[in-house]
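Listing of model-v2.cif, mmCIF, C-alpha atoms and all ligand atoms
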data_protein
#
loop_
_atom_site.group_PDB
_atom_site.id
_atom_site.type_symbol
_atom_site.label_atom_id
_atom_site.label_comp_id
_atom_site.auth_asym_id
_atom_site.auth_seq_id
_atom_site.Cartn_x
_atom_site.Cartn_y
_atom_site.Cartn_z
ATOM 1 C CA MET A 1 9.679 2.908 -16.771
ATOM 2 C CA ALA A 2 9.811 6.495 -17.933
ATOM 3 C CA ASP A 3 10.904 9.007 -15.348
ATOM 4 C CA SER A 4 9.270 12.358 -15.728
ATOM 5 C CA GLU A 5 11.890 14.944 -14.742
ATOM 6 C CA GLY A 6 10.778 18.416 -13.743
ATOM 7 C CA MET A 7 7.131 17.445 -13.686
ATOM 8 C CA ALA A 8 4.613 17.755 -10.859
ATOM 9 C CA VAL A 9 5.087 14.075 -10.142
ATOM 10 C CA ARG A 10 7.668 11.401 -10.807
ATOM 11 C CA LEU A 11 7.312 7.629 -10.742
ATOM 12 C CA GLN A 12 10.341 5.363 -10.515
ATOM 13 C CA SER A 13 11.002 1.769 -9.589
ATOM 14 C CA LEU A 14 13.189 1.164 -6.548
ATOM 15 C CA PRO A 15 16.139 -1.206 -6.410
ATOM 16 C CA GLN A 16 15.726 -4.699 -5.015
ATOM 17 C CA ALA A 17 15.706 -4.742 -1.204
ATOM 18 C CA THR A 18 15.996 -7.271 1.582
ATOM 19 C CA GLN A 19 12.582 -7.731 3.210
ATOM 20 C CA VAL A 20 11.965 -9.611 6.429
ATOM 21 C CA GLY A 21 8.468 -10.154 7.800
ATOM 22 C CA PHE A 22 8.135 -10.813 11.494
ATOM 23 C CA ARG A 23 5.405 -11.497 14.003
ATOM 24 C CA VAL A 24 6.266 -11.127 17.653
ATOM 25 C CA THR A 25 4.539 -11.407 21.024
ATOM 26 C CA LEU A 26 4.221 -8.358 23.257
ATOM 27 C CA ALA A 27 6.913 -9.821 25.534
ATOM 28 C CA SER A 28 9.589 -9.771 22.811
ATOM 29 C CA GLN A 29 8.706 -6.554 20.966
ATOM 30 C CA MET A 30 11.247 -4.521 22.933
ATOM 31 C CA SER A 31 14.016 -7.009 22.081
ATOM 32 C CA ALA A 32 13.110 -6.755 18.406
ATOM 33 C CA ALA A 33 13.198 -2.951 18.567
ATOM 34 C CA ASN A 34 16.593 -3.042 20.319
ATOM 35 C CA ALA A 35 18.005 -5.318 17.622
ATOM 36 C CA LEU A 36 16.758 -2.865 14.977
ATOM 37 C CA GLY A 37 18.217 0.147 16.830
ATOM 38 C CA ILE A 38 14.867 1.896 17.306
ATOM 39 C CA PRO A 39 13.223 2.971 20.600
ATOM 40 C CA ALA A 40 10.094 0.879 19.965
ATOM 41 C CA LEU A 41 8.382 -0.921 17.116
ATOM 42 C CA PRO A 42 6.119 1.483 15.185
ATOM 43 C CA GLY A 43 2.463 1.643 16.212
ATOM 44 C CA VAL A 44 -0.725 1.277 14.195
ATOM 45 C CA ASN A 45 -0.476 2.545 10.591
ATOM 46 C CA ARG A 46 3.042 3.926 11.182
ATOM 47 C CA PHE A 47 6.560 3.114 10.043
ATOM 48 C CA ILE A 48 10.011 4.124 11.306
ATOM 49 C CA GLY A 49 13.067 4.792 9.159
ATOM 50 C CA ALA A 50 16.430 4.534 10.929
ATOM 51 C CA GLY A 51 19.975 3.723 9.866
ATOM 52 C CA GLY A 52 19.043 2.747 6.312
ATOM 53 C CA LEU A 53 16.240 0.480 7.558
ATOM 54 C CA LEU A 54 12.482 0.850 7.298
ATOM 55 C CA VAL A 55 10.242 -0.911 9.815
ATOM 56 C CA LEU A 56 6.563 -0.924 8.865
ATOM 57 C CA TRP A 57 3.529 -1.847 10.965
ATOM 58 C CA LEU A 58 1.441 -4.454 9.115
ATOM 59 C CA GLY A 59 -0.906 -5.746 11.813
ATOM 60 C CA PRO A 60 -1.413 -5.965 15.586
ATOM 61 C CA ASP A 61 1.604 -8.260 16.067
ATOM 62 C CA GLU A 62 3.222 -8.054 12.634
ATOM 63 C CA TRP A 63 5.874 -5.838 11.046
ATOM 64 C CA LEU A 64 7.980 -5.714 7.878
ATOM 65 C CA LEU A 65 11.663 -4.790 7.840
ATOM 66 C CA ILE A 66 13.112 -3.341 4.627
ATOM 67 C CA ALA A 67 16.910 -3.291 4.500
ATOM 68 C CA PRO A 68 19.405 -2.696 1.691
ATOM 69 C CA ASP A 69 19.731 -5.551 -0.797
ATOM 70 C CA GLY A 70 21.887 -8.430 0.368
ATOM 71 C CA MET A 71 21.542 -7.821 4.121
ATOM 72 C CA VAL A 72 20.113 -11.290 4.605
ATOM 73 C CA GLU A 73 21.628 -11.505 8.102
ATOM 74 C CA TRP A 74 18.644 -9.522 9.409
ATOM 75 C CA GLU A 75 16.555 -12.676 9.357
ATOM 76 C CA SER A 76 18.768 -14.479 11.874
ATOM 77 C CA ARG A 77 19.458 -11.293 13.863
ATOM 78 C CA LEU A 78 15.749 -10.756 14.401
ATOM 79 C CA ARG A 79 15.110 -14.415 15.118
ATOM 80 C CA ASN A 80 17.808 -14.407 17.802
ATOM 81 C CA ALA A 81 16.434 -11.207 19.327
ATOM 82 C CA ILE A 82 12.823 -12.391 19.370
ATOM 83 C CA GLY A 83 13.396 -15.933 20.608
ATOM 84 C CA ALA A 84 12.173 -19.138 19.006
ATOM 85 C CA ASP A 85 8.928 -19.368 21.002
ATOM 86 C CA GLN A 86 8.033 -15.654 20.887
ATOM 87 C CA GLY A 87 7.362 -15.108 17.209
ATOM 88 C CA ALA A 88 8.178 -15.929 13.602
ATOM 89 C CA VAL A 89 10.698 -14.372 11.226
ATOM 90 C CA VAL A 90 10.667 -14.985 7.470
ATOM 91 C CA ASP A 91 12.788 -13.573 4.651
ATOM 92 C CA VAL A 92 10.216 -12.297 2.128
ATOM 93 C CA SER A 93 12.611 -10.338 -0.101
ATOM 94 C CA ALA A 94 11.120 -11.738 -3.308
ATOM 95 C CA ASN A 95 7.564 -11.054 -2.169
ATOM 96 C CA ARG A 96 7.309 -7.443 -3.311
ATOM 97 C CA VAL A 97 8.913 -4.880 -5.597
ATOM 98 C CA GLY A 98 8.961 -1.173 -4.830
ATOM 99 C CA PHE A 99 7.924 2.025 -6.588
ATOM 100 C CA GLU A 100 8.431 5.587 -5.464
ATOM 101 C CA LEU A 101 5.956 8.280 -6.405
ATOM 102 C CA SER A 102 7.134 11.794 -5.609
ATOM 103 C CA GLY A 103 6.275 15.410 -6.305
ATOM 104 C CA PRO A 104 3.623 17.972 -5.388
ATOM 105 C CA ALA A 105 0.964 16.015 -7.311
ATOM 106 C CA ALA A 106 1.821 12.573 -5.912
ATOM 107 C CA ARG A 107 -1.241 12.533 -3.676
ATOM 108 C CA ASP A 108 -3.477 13.469 -6.610
ATOM 109 C CA VAL A 109 -2.097 10.535 -8.618
ATOM 110 C CA LEU A 110 -2.828 8.145 -5.752
ATOM 111 C CA ALA A 111 -6.313 9.601 -5.393
ATOM 112 C CA SER A 112 -7.017 8.337 -8.924
ATOM 113 C CA CYS A 113 -6.549 4.682 -7.973
ATOM 114 C CA CYS A 114 -6.382 4.275 -4.167
ATOM 115 C CA ALA A 115 -9.234 4.803 -1.698
ATOM 116 C CA LEU A 116 -7.064 5.187 1.402
ATOM 117 C CA ASP A 117 -7.564 8.637 2.963
ATOM 118 C CA LEU A 118 -4.199 10.337 2.357
ATOM 119 C CA HIS A 119 -5.320 13.814 3.382
ATOM 120 C CA PRO A 120 -2.874 15.306 5.938
ATOM 121 C CA ARG A 121 -5.583 15.172 8.628
ATOM 122 C CA ALA A 122 -5.641 11.365 8.286
ATOM 123 C CA PHE A 123 -2.194 10.426 6.930
ATOM 124 C CA GLY A 124 1.213 12.027 6.458
ATOM 125 C CA PRO A 125 4.954 11.369 6.619
ATOM 126 C CA GLY A 126 5.583 8.279 8.738
ATOM 127 C CA GLY A 127 2.194 6.823 7.844
ATOM 128 C CA CYS A 128 1.807 3.424 6.208
ATOM 129 C CA GLY A 129 -1.009 1.087 5.381
ATOM 130 C CA GLN A 130 -1.965 -2.018 3.480
ATOM 131 C CA THR A 131 -4.633 -1.190 0.951
ATOM 132 C CA LEU A 132 -5.594 -1.501 -2.721
ATOM 133 C CA ILE A 133 -4.354 0.324 -5.816
ATOM 134 C CA ALA A 134 -7.141 -0.396 -8.270
ATOM 135 C CA LYS A 135 -7.583 -4.118 -7.565
ATOM 136 C CA ALA A 136 -4.037 -4.969 -6.454
ATOM 137 C CA GLN A 137 -2.984 -5.201 -2.807
ATOM 138 C CA VAL A 138 -0.123 -2.877 -1.863
ATOM 139 C CA ILE A 139 1.781 -1.607 1.138
ATOM 140 C CA LEU A 140 1.836 2.188 0.967
ATOM 141 C CA ALA A 141 4.220 4.323 3.042
ATOM 142 C CA GLN A 142 4.570 8.110 2.976
ATOM 143 C CA THR A 143 8.280 8.874 3.414
ATOM 144 C CA ASP A 144 8.065 12.685 3.280
ATOM 145 C CA LEU A 145 5.535 15.425 2.487
ATOM 146 C CA GLU A 146 5.478 14.636 -1.238
ATOM 147 C CA THR A 147 6.880 11.110 -1.493
ATOM 148 C CA TYR A 148 5.175 7.732 -1.282
ATOM 149 C CA ARG A 149 6.706 4.276 -1.421
ATOM 150 C CA ILE A 150 4.531 1.532 -2.892
ATOM 151 C CA LEU A 151 5.317 -2.159 -2.391
ATOM 152 C CA VAL A 152 3.497 -4.588 -4.654
ATOM 153 C CA ARG A 153 3.736 -8.280 -5.458
ATOM 154 C CA PRO A 154 5.833 -8.720 -8.626
ATOM 155 C CA SER A 155 3.043 -10.256 -10.695
ATOM 156 C CA PHE A 156 0.924 -7.129 -10.082
ATOM 157 C CA ALA A 157 3.765 -4.645 -10.633
ATOM 158 C CA ASN A 158 2.996 -3.875 -14.286
ATOM 159 C CA TYR A 159 -0.681 -3.513 -13.478
ATOM 160 C CA VAL A 160 -0.020 -1.063 -10.628
ATOM 161 C CA ALA A 161 2.556 0.850 -12.686
ATOM 162 C CA ALA A 162 0.024 1.213 -15.510
ATOM 163 C CA TRP A 163 -2.529 2.680 -13.109
ATOM 164 C CA LEU A 164 0.032 5.069 -11.603
ATOM 165 C CA GLU A 165 1.324 6.133 -15.025
ATOM 166 C CA ASP A 166 -2.249 6.794 -16.096
ATOM 167 C CA GLY A 167 -2.678 8.969 -12.998
ATOM 168 C CA VAL A 168 0.593 10.769 -13.765
ATOM 169 C CA ALA A 169 -0.568 11.445 -17.336
ATOM 170 C CA GLY A 170 -3.842 12.810 -15.980
ATOM 171 C CA VAL A 171 -2.101 15.171 -13.564
ATOM 172 C CA GLN A 172 0.313 16.367 -16.264
ATOM 173 C CA GLY A 173 -2.602 16.872 -18.647
ATOM 174 C CA HIS A 174 -4.185 19.174 -16.075
ATOM 175 C CA ALA A 175 -0.860 20.958 -15.532
ATOM 176 C CA LYS A 176 -0.559 21.666 -19.266
ATOM 177 C CA ALA A 177 -4.158 22.842 -19.426
ATOM 178 C CA ASP A 178 -3.440 25.341 -16.640
ATOM 179 C CA LEU A 179 -0.640 27.091 -18.611
ATOM 180 C CA MET B 1 -19.985 1.189 -0.677
ATOM 181 C CA LEU B 2 -19.661 0.651 3.071
ATOM 182 C CA LEU B 3 -17.026 2.356 5.173
ATOM 183 C CA ILE B 4 -16.018 -0.337 7.666
ATOM 184 C CA ARG B 5 -13.940 0.248 10.785
ATOM 185 C CA CYS B 6 -11.301 -2.448 11.197
ATOM 186 C CA PRO B 7 -10.627 -2.576 14.970
ATOM 187 C CA TRP B 8 -6.889 -2.476 14.187
ATOM 188 C CA CYS B 9 -6.442 -0.302 11.069
ATOM 189 C CA GLY B 10 -9.390 2.098 11.335
ATOM 190 C CA GLU B 11 -11.948 3.033 8.686
ATOM 191 C CA ARG B 12 -11.423 1.523 5.248
ATOM 192 C CA GLU B 13 -13.509 0.973 2.149
ATOM 193 C CA GLU B 14 -15.553 -2.190 1.836
ATOM 194 C CA THR B 15 -13.429 -3.447 -1.101
ATOM 195 C CA GLU B 16 -10.562 -4.156 1.349
ATOM 196 C CA PHE B 17 -12.730 -6.666 3.232
ATOM 197 C CA ARG B 18 -14.413 -10.027 2.739
ATOM 198 C CA TYR B 19 -17.629 -11.078 4.413
ATOM 199 C CA GLY B 20 -17.636 -14.042 6.811
ATOM 200 C CA GLY B 21 -21.318 -14.535 7.666
ATOM 201 C CA GLN B 22 -23.087 -14.509 11.009
ATOM 202 C CA ALA B 23 -20.888 -14.046 14.086
ATOM 203 C CA HIS B 24 -20.981 -15.869 17.414
ATOM 204 C CA ILE B 25 -21.888 -19.306 16.022
ATOM 205 C CA ALA B 26 -20.427 -21.851 18.432
ATOM 206 C CA THR B 27 -19.158 -25.125 16.993
ATOM 207 C CA PRO B 28 -21.117 -27.948 18.684
ATOM 208 C CA ARG B 29 -19.496 -31.080 20.088
ATOM 209 C CA SER B 30 -18.843 -33.638 17.365
ATOM 210 C CA ASP B 31 -21.220 -36.174 18.988
ATOM 211 C CA VAL B 32 -24.404 -34.084 18.615
ATOM 212 C CA ASP B 33 -27.269 -35.521 16.561
ATOM 213 C CA ASP B 34 -27.549 -34.896 12.831
ATOM 214 C CA ALA B 35 -30.265 -32.274 13.202
ATOM 215 C CA SER B 36 -28.105 -30.163 15.543
ATOM 216 C CA TRP B 37 -25.083 -30.526 13.267
ATOM 217 C CA ALA B 38 -27.167 -29.530 10.230
ATOM 218 C CA ARG B 39 -28.461 -26.504 12.142
ATOM 219 C CA PHE B 40 -24.871 -25.498 12.904
ATOM 220 C CA LEU B 41 -23.748 -25.940 9.304
ATOM 221 C CA PHE B 42 -26.642 -24.497 7.356
ATOM 222 C CA HIS B 43 -29.024 -22.428 9.472
ATOM 223 C CA ARG B 44 -28.340 -18.721 9.909
ATOM 224 C CA ASP B 45 -30.426 -15.852 11.222
ATOM 225 C CA ASN B 46 -31.700 -13.390 8.639
ATOM 226 C CA PRO B 47 -32.944 -10.408 10.639
ATOM 227 C CA ALA B 48 -34.326 -7.174 9.227
ATOM 228 C CA GLY B 49 -32.278 -4.990 11.561
ATOM 229 C CA PRO B 50 -29.073 -5.200 13.607
ATOM 230 C CA PHE B 51 -26.970 -8.263 12.731
ATOM 231 C CA ALA B 52 -23.637 -9.318 14.247
ATOM 232 C CA GLU B 53 -21.395 -10.564 11.453
ATOM 233 C CA ARG B 54 -17.803 -11.567 10.762
ATOM 234 C CA TRP B 55 -15.530 -9.710 8.360
ATOM 235 C CA VAL B 56 -11.861 -10.131 7.485
ATOM 236 C CA HIS B 57 -9.587 -7.243 6.483
ATOM 237 C CA ILE B 58 -8.242 -9.363 3.662
ATOM 238 C CA HIS B 59 -6.308 -6.637 1.786
ATOM 239 C CA GLY B 60 -5.159 -4.919 5.002
ATOM 240 C CA CYS B 61 -4.002 -6.490 8.247
ATOM 241 C CA ARG B 62 -5.702 -9.830 7.342
ATOM 242 C CA ARG B 63 -7.353 -10.075 10.771
ATOM 243 C CA TRP B 64 -10.909 -11.265 11.469
ATOM 244 C CA PHE B 65 -13.266 -9.093 13.487
ATOM 245 C CA HIS B 66 -16.969 -8.514 14.078
ATOM 246 C CA ILE B 67 -19.330 -5.678 13.322
ATOM 247 C CA VAL B 68 -22.994 -5.064 14.092
ATOM 248 C CA ARG B 69 -24.642 -3.902 10.867
ATOM 249 C CA ASP B 70 -28.273 -2.963 10.376
ATOM 250 C CA THR B 71 -29.414 -4.995 7.371
ATOM 251 C CA LEU B 72 -32.102 -2.433 6.524
ATOM 252 C CA THR B 73 -30.021 0.762 6.661
ATOM 253 C CA HIS B 74 -26.399 -0.538 6.461
ATOM 254 C CA ASP B 75 -25.650 1.514 9.595
ATOM 255 C CA ILE B 76 -22.688 -0.046 11.376
ATOM 256 C CA THR B 77 -23.086 0.561 15.094
ATOM 257 C CA ARG B 78 -20.200 -1.519 16.449
ATOM 258 C CA SER B 79 -16.839 -2.902 15.409
ATOM 259 C CA TYR B 80 -15.127 -5.223 17.869
ATOM 260 C CA LEU B 81 -12.611 -7.994 18.373
ATOM 261 C CA PRO B 82 -13.641 -11.655 18.023
ATOM 262 C CA SER B 83 -12.814 -12.109 21.717
ATOM 263 C CA GLU B 84 -15.480 -9.564 22.684
ATOM 264 C CA SER B 85 -19.260 -9.923 22.791
ATOM 265 C CA PRO B 86 -21.458 -7.402 20.938
ATOM 266 C CA GLU B 87 -22.737 -6.126 24.300
ATOM 267 C CA ASP B 88 -19.390 -5.070 25.787
ATOM 268 C CA ALA B 89 -18.026 -3.577 22.554
ATOM 269 C CA GLY B 90 -18.091 0.205 22.337
HETATM 270 ZN ZN ZN A 201 -7.143 -4.123 9.486
#
Please render this file's structure as structure tokens.
Amino acid sequence: MADSEGMAVRLQSLPQATQVGFRVTLASQMSAANALGIPALPGVNRFIGAGGLLVLWLGPDEWLLIAPDGMVEWESRLRNAIGADQGAVVDVSANRVGFELSGPAARDVLASCCALDLHPRAFGPGGCGQTLIAKAQVILAQTDLETYRILVRPSFANYVAAWLEDGVAGVQGHAKADL
Amino acid sequence: MLLIRCPWCGEREETEFRYGGQAHIATPRSDVDDASWARFLFHRDNPAGPFAERWVHIHGCRRWFHIVRDTLTHDITRSYLPSESPEDAG
């Protein structure tokens, strides 16, 4: 994928990561947070980044842990913390690949293909959501003011990248026209 | 395009959801007569007005929930959990 250096927006694919999905009862959520080294599991539509880990809220009792590639021990660590009868922990590392979209125009690019309200009054750094880019399901997380991480199932990755690249080309076309 | 409030995720576009038909249909006991079973399987209300219906946030949190939607105006007056009744939902 072409990186667009020095432009208003830049799209790049992220390296492979360890991903662990977990569902956990209210009773064991504190234990899970302790194991992850965070004060509490993130609330609705939020994620927490700490110590090289990302923990994303996916649903009322469901989260996704993203850790550096190869840290497969997180699956058993979380399972031990949660307890066998208090939830489910599954390594889903192969389930999704990641893109990062960054730059002042990143939100404009997403506006071309994603209906989620990303305006600062509704979203912002620390926000995440499961939604659609064009017709493909994605997990979207805003990691800072101008950076978004997009997780997509591998078979939809080219499709999503094509939509994002089209949005990037559109934004850059406007930028050139403004000169 | 409807803007539907998922009770967990908040307002999202209709394309993130799938429709699940009329809400609050109780499954009858398996020993009811054929007519009652057929009514359960095939008969649904079709009001011109407020209608309690099931939706699933299929591209979001993947949870089922209920809304009350006016079939004439598409106004959605309530969004609530399956464990709630349309009356006590806010
Ligand atoms: Zn939802």
6 Å contacts from chain A to chain B using only C-alpha atoms, as JSON, numbers by chain:
{"A": [58, 59, 130, 131, 137]}
To one decimal place in Å, what is the distance between CA of Val32 in chain B and CA of Glu87 in chain B?
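Result for CA of Val32 in chain B versus CA of Glu87 in chain B: 28.6 Å, one decimal.
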Please indicate the distance in Å from CA of Asn45 in chain A to CA of Pro104 in chain A, rounded to one decimal place.
22.6 Å
So, counting only C-alpha atoms, which residue among A:Leu65, A:Ala134, A:Gly126, A:Ser93 is closest to Gly167 in chain A?
A:Ala134
Decode the PyMOL selection byres (((chain A and resi 23-39) around 7) and not hetatm) for the given file into explicit residues and return them as a list in words.
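Given this file, the PyMOL selection byres (((chain A and resi 23-39) around 7) and not hetatm) evaluates to Phe22, Ala40, Leu41, Asp61, Glu62, Trp63, Leu78, Ala81, Ile82, Gln86, Gly87, Ala88 and Val89 of chain A.
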Selection near range 138-152 of chain A, 9 Å with all atoms listed in the file, sequence-local residues under 3 positions removed, as a PyMOL selection string:
(chain A and resi 9+14+46-47+49+56+58+95-107+123-133+155-157+160) or (chain B and resi 59-60)
So what do you get for CA of Ala115 in chain A versus CA of Leu164 in chain A, distance-wise?
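For CA of Ala115 in chain A relative to CA of Leu164 in chain A, the distance reads 13.6 Å.
For the set B:Ala26, B:Ile4, B:Ala48, B:Leu41, the residue with the smallest atom-to-atom gap to ligand ZN 201 (chain A) is B:Ile4, counting only C-alpha atoms and all ligand atoms.
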For the structure shown, which residues end up in the PyMOL selection byres (((chain B and resi 19) around 10) and not hetatm)? Put them as a PyMOL selection string, please?
chain B and resi 14+17-18+20-22+53-58+64
Among listed residues B:His66, B:Arg39, B:Arg44, B:His24, nearest ligand ZN 201 (chain A) (using all atoms listed in the file)
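Of all the options, B:His66 lies closest to ligand ZN 201 (chain A).
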Assuming 6 Å of padding per side, give the centre and edge lengths of the axis-aligned box around every listed atom of range 152-156 of chain A, in Å to one decimal and as JSON.
{"center_x": 3.4, "center_y": -7.4, "center_z": -7.7, "size_x": 16.9, "size_y": 17.7, "size_z": 18.0}
What residues come out when you apply the PyMOL selection byres (((chain A and resi 67) around 7) and not hetatm) to this file, written as a ChimeraX atom specification?
/A:17-19,52-54,65-66,68-69,71
Store the residues picked out above, limited to C-alpha atoms, as a short mmCIF file (atom, residue, chain, number, x, y, z; two decimals), in the frame of the given file.
data_model
loop_
_atom_site.label_atom_id
_atom_site.label_comp_id
_atom_site.auth_asym_id
_atom_site.auth_seq_id
_atom_site.Cartn_x
_atom_site.Cartn_y
_atom_site.Cartn_z
CA ALA A 17 15.71 -4.74 -1.20
CA THR A 18 16.00 -7.27 1.58
CA GLN A 19 12.58 -7.73 3.21
CA GLY A 52 19.04 2.75 6.31
CA LEU A 53 16.24 0.48 7.56
CA LEU A 54 12.48 0.85 7.30
CA LEU A 65 11.66 -4.79 7.84
CA ILE A 66 13.11 -3.34 4.63
CA PRO A 68 19.40 -2.70 1.69
CA ASP A 69 19.73 -5.55 -0.80
CA MET A 71 21.54 -7.82 4.12
#
Measuring atom to atom with only C-alpha atoms and all ligand atoms, identify which of B:Asp33, B:Ser85, B:Tyr80, B:Phe40 is nearest to ligand ZN 201 (chain A).
B:Tyr80
Closest of A:Val44, A:Ala161, A:Val72, A:Ala136 to ligand ZN 201 (chain A) - atom-to-atom distances counting only C-alpha atoms and all ligand atoms
A:Val44
In terms of the shortest atom-to-atom distance over only C-alpha atoms and all ligand atoms, which of B:Phe42, B:Phe65, B:Phe51, B:Trp37 is closest to ligand ZN 201 (chain A)?
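Result for the nearest residue to ligand ZN 201 (chain A): B:Phe65.
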Using the partial input, fill out range 19-43 of chain A with N, CA and C atoms; write the result as a short mmCIF file (atom, residue, chain, number, x, y, z; two decimals), in the coordinates of the input.
data_model
loop_
_atom_site.label_atom_id
_atom_site.label_comp_id
_atom_site.auth_asym_id
_atom_site.auth_seq_id
_atom_site.Cartn_x
_atom_site.Cartn_y
_atom_site.Cartn_z
N GLN A 19 13.82 -7.93 2.45
CA GLN A 19 12.58 -7.73 3.21
C GLN A 19 12.40 -8.90 4.16
N VAL A 20 12.14 -8.57 5.41
CA VAL A 20 11.96 -9.61 6.43
C VAL A 20 10.66 -9.34 7.17
N GLY A 21 9.73 -10.28 7.07
CA GLY A 21 8.47 -10.15 7.80
C GLY A 21 8.62 -10.81 9.15
N PHE A 22 8.09 -10.15 10.18
CA PHE A 22 8.14 -10.81 11.49
C PHE A 22 6.88 -10.55 12.31
N ARG A 23 6.49 -11.60 13.03
CA ARG A 23 5.40 -11.50 14.00
C ARG A 23 6.02 -11.79 15.36
N VAL A 24 5.60 -11.01 16.37
CA VAL A 24 6.27 -11.13 17.65
C VAL A 24 5.29 -10.83 18.78
N THR A 25 5.40 -11.61 19.85
CA THR A 25 4.54 -11.41 21.02
C THR A 25 4.91 -10.09 21.70
N LEU A 26 4.00 -9.59 22.51
CA LEU A 26 4.22 -8.36 23.26
C LEU A 26 5.51 -8.46 24.08
N ALA A 27 5.76 -9.63 24.64
CA ALA A 27 6.91 -9.82 25.53
C ALA A 27 8.24 -9.59 24.83
N SER A 28 8.31 -9.85 23.53
CA SER A 28 9.59 -9.77 22.81
C SER A 28 9.69 -8.57 21.89
N GLN A 29 8.69 -7.68 21.90
CA GLN A 29 8.71 -6.55 20.97
C GLN A 29 9.84 -5.57 21.26
N MET A 30 10.15 -5.42 22.56
CA MET A 30 11.25 -4.52 22.93
C MET A 30 12.59 -5.07 22.43
N SER A 31 12.77 -6.39 22.56
CA SER A 31 14.02 -7.01 22.08
C SER A 31 14.16 -6.82 20.58
N ALA A 32 13.06 -6.95 19.86
CA ALA A 32 13.11 -6.76 18.41
C ALA A 32 13.49 -5.31 18.08
N ALA A 33 12.89 -4.36 18.80
CA ALA A 33 13.20 -2.95 18.57
C ALA A 33 14.67 -2.67 18.87
N ASN A 34 15.18 -3.22 19.96
CA ASN A 34 16.59 -3.04 20.32
C ASN A 34 17.50 -3.55 19.21
N ALA A 35 17.18 -4.74 18.69
CA ALA A 35 18.00 -5.32 17.62
C ALA A 35 18.01 -4.41 16.39
N LEU A 36 16.87 -3.73 16.15
CA LEU A 36 16.76 -2.86 14.98
C LEU A 36 17.31 -1.47 15.24
N GLY A 37 17.67 -1.17 16.50
CA GLY A 37 18.22 0.15 16.83
C GLY A 37 17.17 1.25 16.86
N ILE A 38 15.93 0.89 17.20
CA ILE A 38 14.87 1.90 17.31
C ILE A 38 14.26 1.82 18.71
N PRO A 39 13.71 2.95 19.21
CA PRO A 39 13.22 2.97 20.60
C PRO A 39 12.06 2.01 20.85
N ALA A 40 11.22 1.81 19.84
CA ALA A 40 10.09 0.88 19.96
C ALA A 40 9.62 0.54 18.57
N LEU A 41 8.95 -0.59 18.42
CA LEU A 41 8.38 -0.92 17.12
C LEU A 41 7.27 0.08 16.80
N PRO A 42 7.12 0.48 15.52
CA PRO A 42 6.12 1.48 15.18
C PRO A 42 4.71 1.00 15.50
N GLY A 43 3.85 1.96 15.87
CA GLY A 43 2.46 1.64 16.21
C GLY A 43 1.58 1.55 14.98
#
